[in-house]
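Enquirer: This is the structure, below, for whatever I ask next.
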2 protein chains.
Amino acid sequence: MFEILETKASLQQDNDVAANDVRQYLKSHQVYLVNLMGSPGAGKTSVLQRIIESLKDRYRIGVMEADVDSDVDANAIASLGVKVIQLHTGGSCHMDARMTEKGLHALGIEDVDVVFLENVGNLVCPAEFDVGANLKMMILSTPEGDDKPLKYPLMFQVSDCMLINKIDVKEVFGFDTAKAKEYALALNPHLEIFAVSAKSGEGFAAVIGYLRQKIEEQS
Amino acid sequence: MFEILETKASLQQDNDVAANDVRQYLKSHQVYLVNLMGSPGAGKTSVLQRIIESLKDRYRIGVMEADVDSDVDANAIASLGVKVIQLHTGGSCHMDARMTEKGLHALGIEDVDVVFLENVGNLVCPAEFDVGANLKMMILSTPEGDDKPLKYPLMFQVSDCMLINKIDVKEVFGFDTAKAKEYALALNPHLEIFAVSAKSGEGFAAVIGYLRQKIEEQS
């Protein structure tokens, strides 16, 4: 069953080299990169809109919207008045470090402080590829179920923080927040967890505080 | 941006050969294979439970539960008293035809009529790999949003039928069923669409009728 994984192994090595290039490039320009990941429909774009609204007066923000196809999300983000670029992955299920590097060049990072990369909607593949980001933020939405850490462990292991989104409708789906946290923390004891609703804005003050602290630490 | 896609191209050719092997193998045993796909948390296992309950008195059913890791879904299915096997993809984000062939051998198809493959939760990668199934069934759940056909077109293009699941909570998420259908049918005019709720059972009579017809046509 492991034919594909062998192919992936060499891709991974190339990617690690490229991820280091991205890190150097970001450092030389004093830019902070956040890699935002989650399933299709978890609420990545809505969460990003909330975050941008709260941070855009403090930092110059750039956004890279990665999609297999379509410009739906880039249009939504552009309306907030920040710099945005749409990346089409040409069918690929994730962003890798080289794609990210090209995206950063195309976006232009001379006049930004923080860049958000909205990765392809996928709870599996993006977790495997270090894109050179300073922070890996993942979203788990309550309709997906509290058992997802058991089934897609790598995403929870590699992330720095997790937003449990659509917390306002958790009862509808019998989502057990304590259980989700327990599963996730068993995989990654350092994971910072926030319960939020991108719809109502609930829980975002803590997320914004956390992000500001992380960005300031870096600079 | 296309380094990975070139690698994929040769993988795809190998996979097409293997998919034909699977088709021959199924045909020689008069077994019907359904490839069930959708995002994490779309409700693949719950939908499968509903379908099995309605079909298990008519057909001898086997189930292959593909997961990156964990046995959560296989346990849920085994409780229905049908033959089930858990496949661990070892990190891979989709099932391919060779993995499927190995799974069918391990499951043993001499004493079954219909096999369901629950693919890895992913709206991107499984769409790219023909596993040799007779029917491709996809699930889109209402919390994911009605714009998903625009963002993950291939899955909608390759599927034979689509179940819009969690239809009972569509108002909570402002999910516009007509819009989702319109987007999906623009990509694939032959797509059969069913609105269902795996929670309440709503809409499953039509799904079961469709499946029975497809299975009978084949045999």
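Letters A, B, ... mark the chains of the structure tokens in the order given; residue numbers begin at 1 per chain; ligand numbers begin at 1, in order shown.
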Using only C-alpha atoms, determine which residues lie at most 8 Å from range 8-22 of chain B, disregarding the query and same-chain residues fewer than 2 positions distant; provide the list as number ranges by chain.

Expert: B: 4-6, 24-26, 96-98, 100-101, 129-133

Enquirer: With N, CA and C atoms retained, export the selected residues as an mmCIF file, in the first residue's frame.

Expert:
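This is the output file out22.cif:
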```cif
data_model
loop_
_atom_site.group_PDB
_atom_site.id
_atom_site.type_symbol
_atom_site.label_atom_id
_atom_site.label_comp_id
_atom_site.auth_asym_id
_atom_site.auth_seq_id
_atom_site.Cartn_x
_atom_site.Cartn_y
_atom_site.Cartn_z
ATOM 1 N N ILE B 4 4.611 18.971 -8.948
ATOM 2 C CA ILE B 4 3.936 17.807 -8.371
ATOM 3 C C ILE B 4 2.980 17.163 -9.370
ATOM 4 N N LEU B 5 2.375 17.980 -10.182
ATOM 5 C CA LEU B 5 1.417 17.435 -11.131
ATOM 6 C C LEU B 5 2.097 16.524 -12.148
ATOM 7 N N GLU B 6 3.333 16.833 -12.490
ATOM 8 C CA GLU B 6 4.041 15.955 -13.422
ATOM 9 C C GLU B 6 4.248 14.574 -12.803
ATOM 10 N N GLN B 24 -12.221 -5.795 -13.823
ATOM 11 C CA GLN B 24 -12.272 -7.194 -14.277
ATOM 12 C C GLN B 24 -12.530 -8.136 -13.108
ATOM 13 N N TYR B 25 -11.845 -7.863 -12.026
ATOM 14 C CA TYR B 25 -11.949 -8.707 -10.829
ATOM 15 C C TYR B 25 -13.375 -8.680 -10.268
ATOM 16 N N LEU B 26 -13.946 -7.471 -10.222
ATOM 17 C CA LEU B 26 -15.327 -7.315 -9.738
ATOM 18 C C LEU B 26 -16.301 -8.050 -10.657
ATOM 19 N N ASP B 96 -6.219 4.568 -3.986
ATOM 20 C CA ASP B 96 -6.028 4.384 -5.421
ATOM 21 C C ASP B 96 -6.465 2.972 -5.785
ATOM 22 N N ALA B 97 -6.333 2.628 -7.049
ATOM 23 C CA ALA B 97 -6.872 1.352 -7.508
ATOM 24 C C ALA B 97 -6.112 0.150 -6.928
ATOM 25 N N ARG B 98 -4.807 0.252 -6.798
ATOM 26 C CA ARG B 98 -4.039 -0.869 -6.227
ATOM 27 C C ARG B 98 -4.422 -1.116 -4.767
ATOM 28 N N THR B 100 -7.223 -0.434 -3.494
ATOM 29 C CA THR B 100 -8.579 -0.974 -3.530
ATOM 30 C C THR B 100 -8.549 -2.466 -3.840
ATOM 31 N N GLU B 101 -7.711 -2.831 -4.796
ATOM 32 C CA GLU B 101 -7.571 -4.242 -5.161
ATOM 33 C C GLU B 101 -7.113 -5.061 -3.948
ATOM 34 N N PHE B 129 -8.554 9.830 -8.483
ATOM 35 C CA PHE B 129 -8.127 8.445 -8.625
ATOM 36 C C PHE B 129 -9.301 7.499 -8.842
ATOM 37 N N ASP B 130 -9.400 6.977 -10.062
ATOM 38 C CA ASP B 130 -10.365 5.943 -10.404
ATOM 39 C C ASP B 130 -9.964 4.680 -9.645
ATOM 40 N N VAL B 131 -10.839 4.179 -8.795
ATOM 41 C CA VAL B 131 -10.497 2.951 -8.064
ATOM 42 C C VAL B 131 -11.133 1.718 -8.715
ATOM 43 N N GLY B 132 -11.808 1.927 -9.846
ATOM 44 C CA GLY B 132 -12.433 0.802 -10.542
ATOM 45 C C GLY B 132 -13.862 0.532 -10.078
ATOM 46 N N ALA B 133 -14.450 1.495 -9.369
ATOM 47 C CA ALA B 133 -15.808 1.309 -8.839
ATOM 48 C C ALA B 133 -16.859 1.385 -9.942
#
```

Enquirer: Give the residues of chain B that lie within 6 Å of chain A; count only C-alpha atoms, and format the answer as a list in words.

Expert: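 Residues of chain B within 6 Å of chain A, counting only C-alpha atoms: Met1, Gly41, Asp69, Ser70, Cys93, Met99, Val124, Glu144, Gly145 and Lys151 of chain B.
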
Enquirer: Hey, what's within 8 Å of range 47-54 of chain A if we count only C-alpha atoms and toss same-chain stuff fewer than 2 positions away? As a ChimeraX atom specification, please?

Expert: /A:43-45,56-57,61,77,80,198,201,204,208

Enquirer: With N, CA, C and O atoms retained, write the just-selected residues as a PDB file, in the first residue's frame.

Expert:
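The new file selection-v6.pdb reads:
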```pdb
ATOM      1  N   GLY A  43     -14.812  27.090   7.413  1.00  0.00           N
ATOM      2  CA  GLY A  43     -14.955  28.514   7.717  1.00  0.00           C
ATOM      3  C   GLY A  43     -13.652  29.297   7.642  1.00  0.00           C
ATOM      4  O   GLY A  43     -13.509  30.324   8.305  1.00  0.00           O
ATOM      5  N   LYS A  44     -12.724  28.834   6.824  1.00  0.00           N
ATOM      6  CA  LYS A  44     -11.416  29.502   6.745  1.00  0.00           C
ATOM      7  C   LYS A  44     -11.551  30.959   6.309  1.00  0.00           C
ATOM      8  O   LYS A  44     -10.964  31.851   6.913  1.00  0.00           O
ATOM      9  N   THR A  45     -12.320  31.200   5.268  1.00  0.00           N
ATOM     10  CA  THR A  45     -12.444  32.563   4.754  1.00  0.00           C
ATOM     11  C   THR A  45     -13.162  33.475   5.749  1.00  0.00           C
ATOM     12  O   THR A  45     -12.743  34.614   5.975  1.00  0.00           O
ATOM     13  N   LYS A  56      -6.140  44.848  10.805  1.00  0.00           N
ATOM     14  CA  LYS A  56      -5.682  45.636   9.653  1.00  0.00           C
ATOM     15  C   LYS A  56      -5.312  47.076   9.990  1.00  0.00           C
ATOM     16  O   LYS A  56      -4.589  47.720   9.221  1.00  0.00           O
ATOM     17  N   ASP A  57      -5.764  47.585  11.153  1.00  0.00           N
ATOM     18  CA  ASP A  57      -5.354  48.931  11.528  1.00  0.00           C
ATOM     19  C   ASP A  57      -3.969  48.940  12.171  1.00  0.00           C
ATOM     20  O   ASP A  57      -3.319  49.974  12.263  1.00  0.00           O
ATOM     21  N   ILE A  61      -1.483  44.090   5.916  1.00  0.00           N
ATOM     22  CA  ILE A  61      -1.800  42.672   5.715  1.00  0.00           C
ATOM     23  C   ILE A  61      -1.866  42.297   4.233  1.00  0.00           C
ATOM     24  O   ILE A  61      -2.381  43.051   3.404  1.00  0.00           O
ATOM     25  N   ILE A  77     -12.250  38.463   0.296  1.00  0.00           N
ATOM     26  CA  ILE A  77     -11.177  39.109   1.066  1.00  0.00           C
ATOM     27  C   ILE A  77     -10.842  40.492   0.502  1.00  0.00           C
ATOM     28  O   ILE A  77     -10.616  41.451   1.254  1.00  0.00           O
ATOM     29  N   LEU A  80     -12.306  43.671   1.802  1.00  0.00           N
ATOM     30  CA  LEU A  80     -11.864  44.254   3.076  1.00  0.00           C
ATOM     31  C   LEU A  80     -10.775  45.307   2.883  1.00  0.00           C
ATOM     32  O   LEU A  80     -10.320  45.923   3.843  1.00  0.00           O
ATOM     33  N   ALA A 198     -17.299  32.404  13.730  1.00  0.00           N
ATOM     34  CA  ALA A 198     -16.991  33.462  12.760  1.00  0.00           C
ATOM     35  C   ALA A 198     -18.266  34.225  12.416  1.00  0.00           C
ATOM     36  O   ALA A 198     -18.222  35.395  12.038  1.00  0.00           O
ATOM     37  N   GLY A 201     -18.835  36.293  15.903  1.00  0.00           N
ATOM     38  CA  GLY A 201     -17.651  36.995  16.414  1.00  0.00           C
ATOM     39  C   GLY A 201     -17.198  36.474  17.780  1.00  0.00           C
ATOM     40  O   GLY A 201     -16.130  36.841  18.276  1.00  0.00           O
ATOM     41  N   PHE A 204     -13.299  35.671  19.389  1.00  0.00           N
ATOM     42  CA  PHE A 204     -12.197  36.190  18.571  1.00  0.00           C
ATOM     43  C   PHE A 204     -11.233  37.113  19.325  1.00  0.00           C
ATOM     44  O   PHE A 204     -10.088  37.270  18.911  1.00  0.00           O
ATOM     45  N   ILE A 208      -7.256  37.068  18.605  1.00  0.00           N
ATOM     46  CA  ILE A 208      -6.531  38.270  18.186  1.00  0.00           C
ATOM     47  C   ILE A 208      -5.383  38.566  19.161  1.00  0.00           C
ATOM     48  O   ILE A 208      -4.259  38.882  18.743  1.00  0.00           O
TER      49      ILE A 208
END
```

Enquirer: What parts of range 5-191 of chain A does DSSP call helix (DSSP H, G or I)? I'd like the answer as a ChimeraX atom specification.

Expert: /A:5-28,44-55,72-78,97-107,125-128,142-144,148-151,153-158,167-169,171-173,177-187

Enquirer: So which bits of range 119-216 of chain A end up strand (DSSP E) when you DSSP the backbone, as a JSON list (two decimals) with all heavy atoms, in the first residue's frame?

Expert:
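Output (out_20.json):
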```
[["chain", "number", "residue", "atom", "x", "y", "z"],
["A", 135, "LEU", "N", 3.51, 30.44, 11.65],
["A", 135, "LEU", "CA", 2.44, 29.90, 12.49],
["A", 135, "LEU", "C", 1.50, 29.05, 11.65],
["A", 135, "LEU", "O", 1.08, 29.45, 10.57],
["A", 135, "LEU", "CB", 1.64, 31.06, 13.13],
["A", 135, "LEU", "CG", 0.65, 30.67, 14.22],
["A", 135, "LEU", "CD1", 1.37, 30.47, 15.56],
["A", 135, "LEU", "CD2", -0.44, 31.72, 14.38],
["A", 136, "LYS", "N", 1.17, 27.86, 12.18],
["A", 136, "LYS", "CA", 0.19, 27.00, 11.53],
["A", 136, "LYS", "C", -1.10, 27.04, 12.33],
["A", 136, "LYS", "O", -1.14, 26.62, 13.48],
["A", 136, "LYS", "CB", 0.71, 25.56, 11.46],
["A", 136, "LYS", "CG", 1.93, 25.39, 10.57],
["A", 136, "LYS", "CD", 2.40, 23.94, 10.58],
["A", 136, "LYS", "CE", 3.71, 23.82, 9.82],
["A", 136, "LYS", "NZ", 4.29, 22.46, 9.94],
["A", 137, "MET", "N", -2.13, 27.57, 11.71],
["A", 137, "MET", "CA", -3.43, 27.70, 12.36],
["A", 137, "MET", "C", -4.41, 26.76, 11.65],
["A", 137, "MET", "O", -4.54, 26.81, 10.44],
["A", 137, "MET", "CB", -3.91, 29.15, 12.24],
["A", 137, "MET", "CG", -5.29, 29.40, 12.81],
["A", 137, "MET", "SD", -5.81, 31.15, 12.57],
["A", 137, "MET", "CE", -4.99, 31.92, 13.96],
["A", 138, "MET", "N", -5.08, 25.90, 12.42],
["A", 138, "MET", "CA", -6.07, 25.03, 11.80],
["A", 138, "MET", "C", -7.46, 25.31, 12.35],
["A", 138, "MET", "O", -7.60, 25.83, 13.45],
["A", 138, "MET", "CB", -5.73, 23.55, 12.02],
["A", 138, "MET", "CG", -5.86, 23.09, 13.46],
["A", 138, "MET", "SD", -6.10, 21.28, 13.54],
["A", 138, "MET", "CE", -7.73, 21.09, 12.77],
["A", 139, "ILE", "N", -8.45, 25.01, 11.53],
["A", 139, "ILE", "CA", -9.84, 25.18, 11.96],
["A", 139, "ILE", "C", -10.52, 23.82, 11.92],
["A", 139, "ILE", "O", -10.40, 23.07, 10.96],
["A", 139, "ILE", "CB", -10.59, 26.15, 11.02],
["A", 139, "ILE", "CG1", -9.90, 27.51, 11.01],
["A", 139, "ILE", "CG2", -12.04, 26.28, 11.43],
["A", 139, "ILE", "CD1", -10.54, 28.52, 10.08],
["A", 140, "LEU", "N", -11.21, 23.51, 13.02],
["A", 140, "LEU", "CA", -12.12, 22.36, 13.04],
["A", 140, "LEU", "C", -13.50, 22.94, 13.30],
["A", 140, "LEU", "O", -13.68, 23.69, 14.25],
["A", 140, "LEU", "CB", -11.74, 21.39, 14.16],
["A", 140, "LEU", "CG", -12.72, 20.24, 14.41],
["A", 140, "LEU", "CD1", -12.76, 19.28, 13.23],
["A", 140, "LEU", "CD2", -12.35, 19.48, 15.69],
["A", 141, "SER", "N", -14.48, 22.65, 12.47],
["A", 141, "SER", "CA", -15.82, 23.19, 12.69],
["A", 141, "SER", "C", -16.70, 22.12, 13.33],
["A", 141, "SER", "O", -16.54, 20.92, 13.07],
["A", 141, "SER", "CB", -16.42, 23.69, 11.38],
["A", 141, "SER", "OG", -16.59, 22.63, 10.46],
["A", 161, "CYS", "N", -2.00, 26.22, 16.61],
["A", 161, "CYS", "CA", -3.25, 26.56, 17.27],
["A", 161, "CYS", "C", -4.44, 26.04, 16.47],
["A", 161, "CYS", "O", -4.33, 25.82, 15.26],
["A", 161, "CYS", "CB", -3.38, 28.08, 17.49],
["A", 161, "CYS", "SG", -3.44, 29.04, 15.97],
["A", 162, "MET", "N", -5.52, 25.81, 17.18],
["A", 162, "MET", "CA", -6.74, 25.29, 16.55],
["A", 162, "MET", "C", -7.92, 26.17, 16.94],
["A", 162, "MET", "O", -8.11, 26.47, 18.12],
["A", 162, "MET", "CB", -7.01, 23.86, 17.03],
["A", 162, "MET", "CG", -8.41, 23.37, 16.68],
["A", 162, "MET", "SD", -8.64, 21.59, 16.90],
["A", 162, "MET", "CE", -8.86, 21.46, 18.66],
["A", 163, "LEU", "N", -8.70, 26.57, 15.94],
["A", 163, "LEU", "CA", -9.94, 27.27, 16.21],
["A", 163, "LEU", "C", -11.09, 26.29, 16.03],
["A", 163, "LEU", "O", -11.24, 25.70, 14.96],
["A", 163, "LEU", "CB", -10.11, 28.46, 15.24],
["A", 163, "LEU", "CG", -9.48, 29.78, 15.65],
["A", 163, "LEU", "CD1", -7.99, 29.64, 15.93],
["A", 163, "LEU", "CD2", -9.72, 30.85, 14.59],
["A", 164, "ILE", "N", -11.87, 26.08, 17.07],
["A", 164, "ILE", "CA", -13.09, 25.27, 16.94],
["A", 164, "ILE", "C", -14.18, 26.24, 16.50],
["A", 164, "ILE", "O", -14.70, 27.01, 17.32],
["A", 164, "ILE", "CB", -13.45, 24.56, 18.25],
["A", 164, "ILE", "CG1", -12.29, 23.68, 18.71],
["A", 164, "ILE", "CG2", -14.72, 23.73, 18.07],
["A", 164, "ILE", "CD1", -12.55, 22.92, 20.02],
["A", 165, "ASN", "N", -14.49, 26.22, 15.22],
["A", 165, "ASN", "CA", -15.42, 27.20, 14.65],
["A", 165, "ASN", "C", -16.87, 26.66, 14.63],
["A", 165, "ASN", "O", -17.08, 25.48, 14.79],
["A", 165, "ASN", "CB", -14.96, 27.55, 13.22],
["A", 165, "ASN", "CG", -15.70, 28.76, 12.63],
["A", 165, "ASN", "OD1", -16.16, 29.64, 13.38],
["A", 165, "ASN", "ND2", -15.83, 28.80, 11.32],
["A", 192, "GLU", "N", -2.66, 25.34, 21.06],
["A", 192, "GLU", "CA", -3.50, 26.37, 21.68],
["A", 192, "GLU", "C", -4.89, 26.26, 21.05],
["A", 192, "GLU", "O", -5.01, 26.24, 19.83],
["A", 192, "GLU", "CB", -2.94, 27.77, 21.40],
["A", 192, "GLU", "CG", -1.62, 28.06, 22.08],
["A", 192, "GLU", "CD", -1.80, 28.53, 23.52],
["A", 192, "GLU", "OE1", -2.95, 28.83, 23.93],
["A", 192, "GLU", "OE2", -0.77, 28.61, 24.23],
["A", 193, "ILE", "N", -5.92, 26.20, 21.88],
["A", 193, "ILE", "CA", -7.27, 25.95, 21.36],
["A", 193, "ILE", "C", -8.21, 27.09, 21.70],
["A", 193, "ILE", "O", -8.26, 27.56, 22.83],
["A", 193, "ILE", "CB", -7.82, 24.62, 21.92],
["A", 193, "ILE", "CG1", -6.85, 23.47, 21.57],
["A", 193, "ILE", "CG2", -9.22, 24.33, 21.35],
["A", 193, "ILE", "CD1", -7.25, 22.12, 22.14],
["A", 194, "PHE", "N", -8.96, 27.53, 20.69],
["A", 194, "PHE", "CA", -9.92, 28.61, 20.86],
["A", 194, "PHE", "C", -11.27, 28.18, 20.31],
["A", 194, "PHE", "O", -11.33, 27.66, 19.19],
["A", 194, "PHE", "CB", -9.47, 29.87, 20.10],
["A", 194, "PHE", "CG", -8.11, 30.36, 20.49],
["A", 194, "PHE", "CD1", -6.97, 29.93, 19.81],
["A", 194, "PHE", "CD2", -7.96, 31.25, 21.55],
["A", 194, "PHE", "CE1", -5.71, 30.38, 20.17],
["A", 194, "PHE", "CE2", -6.69, 31.71, 21.91],
["A", 194, "PHE", "CZ", -5.56, 31.28, 21.22],
["A", 195, "ALA", "N", -12.32, 28.39, 21.06],
["A", 195, "ALA", "CA", -13.68, 28.12, 20.56],
["A", 195, "ALA", "C", -14.25, 29.43, 20.03],
["A", 195, "ALA", "O", -14.29, 30.43, 20.75],
["A", 195, "ALA", "CB", -14.56, 27.57, 21.68]]
```

Enquirer: What's around Leu117 in chain A at 9 Å? Count only C-alpha atoms, leave out sequence neighbours fewer than 5 positions away in its own chain, and write the answer as number ranges by chain.

Expert: A: 33-37, 62-66, 100, 133

Enquirer: Figure out the distance between CA of Lys214 in chain B and CA of Asn134 in chain B, please, to one decimal in Å.

Expert: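 Separating CA of Asn134 in chain B from CA of Lys214 in chain B is a distance of 8.9 Å.
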
Enquirer: Would you compute the distance between CA of Ala106 in chain B and CA of Arg212 in chain B? Give it in Å to one decimal.

Expert: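 Here the two named atoms are 25.6 Å from each other.
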
Enquirer: Take CA of Ala78 in chain A and CA of Ile109 in chain A and report the distance between them in Å, one decimal.

Expert: 16.5 Å

Enquirer: So that I can check the surroundings of Ser219 in chain A, please list as a PyMOL selection string every protein, DNA and RNA residue that reaches within 10 Å of it, counting only C-alpha atoms and ignoring chain neighbours fewer than 4 positions away.

Expert: chain A and resi 27+30-32+113+214-215

Enquirer: Find, counting only C-alpha atoms, the residue in A:Gln86, A:Arg60, A:His29, A:Tyr183 that gets nearest to Ala74 in chain A.

Expert: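 Distance minimum relative to Ala74 in chain A lands on A:Gln86.
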
Enquirer: Which is closer to Ser197 in chain B than all the others in B:Ser79, B:Gln218, B:Ser46, B:Gln213, using only C-alpha atoms?

Expert: B:Ser46
